[in-house]
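Peer 1: A single structure is presented below for examination.
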Amino acid sequence: MDPSSSSSSSSSTPPSSSSKFWETQRTLLGSSSSLPPTPAQLYNFRTASLLTTTLSLILPTASLLYVLIPTNPSPSLSFLLGGLLGTLYLRGLTSYVSTIGKSAINDLGEVDLSDAGGGFARFAFLALMFVLGKAAEGKLMIGVMIPGFFMYQV
């Protein structure tokens, strides 16, 4: 009796159990991919695409400003800083909006908007821009930072 033939026959599994295993795996894979996305997954996708779109508008615009005014990088840097602050504000706004359904309705079913701080946050970011502009007077331009900040609305 050949030793190689005995080891190969003892180590192989019956073909029916192996094919049954892979058929089960294919079935599980097919059933998981056919599930519709949850609302939270859709919201996260939309949030990510909104942030990506905002950044994809800010960066080329700041680059275009730098190309158009190569002797003075202040407008492009100011626009970029304002745009990044606007993107940070947008990120905070989207994370706040995702919690509205969870926390705005109290136990009695009444809507509680006492912690709605969207307007205050926008004011805080604008105030931060003015403080940064004043601190870097002559280097940053407030008039260019503000349109950069509001690029998230486009």
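Residue numbers start at 1 in each chain; chains themselves are named A, B, ... in the order of the structure tokens; ligands are numbered from 1 in the order shown.
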Which neighbours of Leu88 in chain A fall inside 10 Å, counting only C-alpha atoms, when residues of the same chain fewer than 4 positions from it are skipped, and could you give them as a PyMOL selection string?

Peer 2: chain A and resi 51+82-84+92-94+125+149+152

Peer 1: If we count only C-alpha atoms, what is near Thr52 in chain A at a cut-off of 12 Å, once residues fewer than 3 positions away on the same chain are taken out, given as an MDAnalysis selection string?

Peer 2: chainID A and resid 45:49 55:59 84 87 90:91 152

Peer 1: Once you have the residues from the selection above, write them out as a PDB file, in the first residue's frame, restricted to N, CA, C and O atoms.

Peer 2:
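Below is the file selection.pdb, written as the result:
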```
ATOM      1  N   PHE A  45     -24.182  58.567   4.246  1.00  0.00           N
ATOM      2  CA  PHE A  45     -23.695  58.687   2.875  1.00  0.00           C
ATOM      3  C   PHE A  45     -23.929  60.099   2.340  1.00  0.00           C
ATOM      4  O   PHE A  45     -23.053  60.701   1.717  1.00  0.00           O
ATOM      5  N   ARG A  46     -25.121  60.634   2.581  1.00  0.00           N
ATOM      6  CA  ARG A  46     -25.430  61.988   2.112  1.00  0.00           C
ATOM      7  C   ARG A  46     -24.563  63.025   2.799  1.00  0.00           C
ATOM      8  O   ARG A  46     -24.125  63.992   2.179  1.00  0.00           O
ATOM      9  N   THR A  47     -24.317  62.837   4.088  1.00  0.00           N
ATOM     10  CA  THR A  47     -23.457  63.762   4.825  1.00  0.00           C
ATOM     11  C   THR A  47     -22.039  63.741   4.260  1.00  0.00           C
ATOM     12  O   THR A  47     -21.435  64.795   4.042  1.00  0.00           O
ATOM     13  N   ALA A  48     -21.518  62.549   4.029  1.00  0.00           N
ATOM     14  CA  ALA A  48     -20.162  62.435   3.490  1.00  0.00           C
ATOM     15  C   ALA A  48     -20.070  63.051   2.103  1.00  0.00           C
ATOM     16  O   ALA A  48     -19.100  63.746   1.781  1.00  0.00           O
ATOM     17  N   SER A  49     -21.092  62.826   1.278  1.00  0.00           N
ATOM     18  CA  SER A  49     -21.050  63.408  -0.065  1.00  0.00           C
ATOM     19  C   SER A  49     -21.201  64.926  -0.021  1.00  0.00           C
ATOM     20  O   SER A  49     -20.584  65.630  -0.817  1.00  0.00           O
ATOM     21  N   LEU A  55     -15.849  70.557   0.045  1.00  0.00           N
ATOM     22  CA  LEU A  55     -14.391  70.666  -0.061  1.00  0.00           C
ATOM     23  C   LEU A  55     -13.930  70.710  -1.512  1.00  0.00           C
ATOM     24  O   LEU A  55     -12.962  71.401  -1.839  1.00  0.00           O
ATOM     25  N   SER A  56     -14.633  69.987  -2.382  1.00  0.00           N
ATOM     26  CA  SER A  56     -14.231  69.997  -3.791  1.00  0.00           C
ATOM     27  C   SER A  56     -14.569  71.319  -4.474  1.00  0.00           C
ATOM     28  O   SER A  56     -14.070  71.585  -5.567  1.00  0.00           O
ATOM     29  N   LEU A  57     -15.396  72.140  -3.865  1.00  0.00           N
ATOM     30  CA  LEU A  57     -15.629  73.486  -4.372  1.00  0.00           C
ATOM     31  C   LEU A  57     -14.658  74.500  -3.767  1.00  0.00           C
ATOM     32  O   LEU A  57     -14.245  75.451  -4.430  1.00  0.00           O
ATOM     33  N   ILE A  58     -14.305  74.302  -2.525  1.00  0.00           N
ATOM     34  CA  ILE A  58     -13.444  75.260  -1.819  1.00  0.00           C
ATOM     35  C   ILE A  58     -12.000  75.187  -2.318  1.00  0.00           C
ATOM     36  O   ILE A  58     -11.380  76.220  -2.601  1.00  0.00           O
ATOM     37  N   LEU A  59     -11.470  73.995  -2.416  1.00  0.00           N
ATOM     38  CA  LEU A  59     -10.054  73.853  -2.789  1.00  0.00           C
ATOM     39  C   LEU A  59      -9.740  74.383  -4.190  1.00  0.00           C
ATOM     40  O   LEU A  59      -8.769  75.137  -4.348  1.00  0.00           O
ATOM     41  N   LEU A  84     -12.601  76.269   5.197  1.00  0.00           N
ATOM     42  CA  LEU A  84     -12.395  75.178   6.149  1.00  0.00           C
ATOM     43  C   LEU A  84     -13.221  75.382   7.411  1.00  0.00           C
ATOM     44  O   LEU A  84     -13.767  74.421   7.962  1.00  0.00           O
ATOM     45  N   THR A  87     -16.672  74.398   6.497  1.00  0.00           N
ATOM     46  CA  THR A  87     -16.800  72.940   6.427  1.00  0.00           C
ATOM     47  C   THR A  87     -16.892  72.338   7.826  1.00  0.00           C
ATOM     48  O   THR A  87     -17.669  71.410   8.062  1.00  0.00           O
ATOM     49  N   LEU A  90     -20.340  72.982   8.963  1.00  0.00           N
ATOM     50  CA  LEU A  90     -21.247  72.059   8.288  1.00  0.00           C
ATOM     51  C   LEU A  90     -21.186  70.679   8.934  1.00  0.00           C
ATOM     52  O   LEU A  90     -22.211  70.025   9.124  1.00  0.00           O
ATOM     53  N   ARG A  91     -20.003  70.236   9.289  1.00  0.00           N
ATOM     54  CA  ARG A  91     -19.853  68.936   9.948  1.00  0.00           C
ATOM     55  C   ARG A  91     -20.573  68.929  11.291  1.00  0.00           C
ATOM     56  O   ARG A  91     -21.264  67.980  11.646  1.00  0.00           O
ATOM     57  N   TYR A 152     -20.396  76.428   2.056  1.00  0.00           N
ATOM     58  CA  TYR A 152     -21.118  75.205   2.385  1.00  0.00           C
ATOM     59  C   TYR A 152     -22.579  75.284   1.955  1.00  0.00           C
ATOM     60  O   TYR A 152     -23.238  74.259   1.813  1.00  0.00           O
TER      61      TYR A 152
END
```

Peer 1: When you draw a straight line from CA of Tyr66 in chain A to CA of Met145 in chain A, how long is it in Å?

Peer 2: 14.2 Å

Peer 1: I'd like to know which of A:Thr54, A:Ser17, A:Thr27, A:Ser95 is closest to Val154 in chain A, using only C-alpha atoms.

Peer 2: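 Nearest to Val154 in chain A: A:Thr54.
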
Peer 1: Write out as an MDAnalysis selection string the set of residues from range 19-113 of chain A that DSSP, computed on the backbone, places in helix (DSSP H, G or I).

Peer 2: chainID A and resid 19:33 39:68 74:103

Peer 1: Would you please work out which residue, of A:Thr99, A:Lys134, A:Phe120, A:Leu80, is nearest to Phe150 in chain A when using only C-alpha atoms?

Peer 2: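 Checking each candidate against Phe150 in chain A, we get A:Leu80 as the closest.
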
Peer 1: Which residues come within 9 Å of Lys139 in chain A, counting only C-alpha atoms, excluding same-chain residues fewer than 6 positions away, as a list in words?

Peer 2: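 My reading of the contact set: Pro73, Ser74, Pro75, Leu77, Ser78 and Gly133 of chain A.
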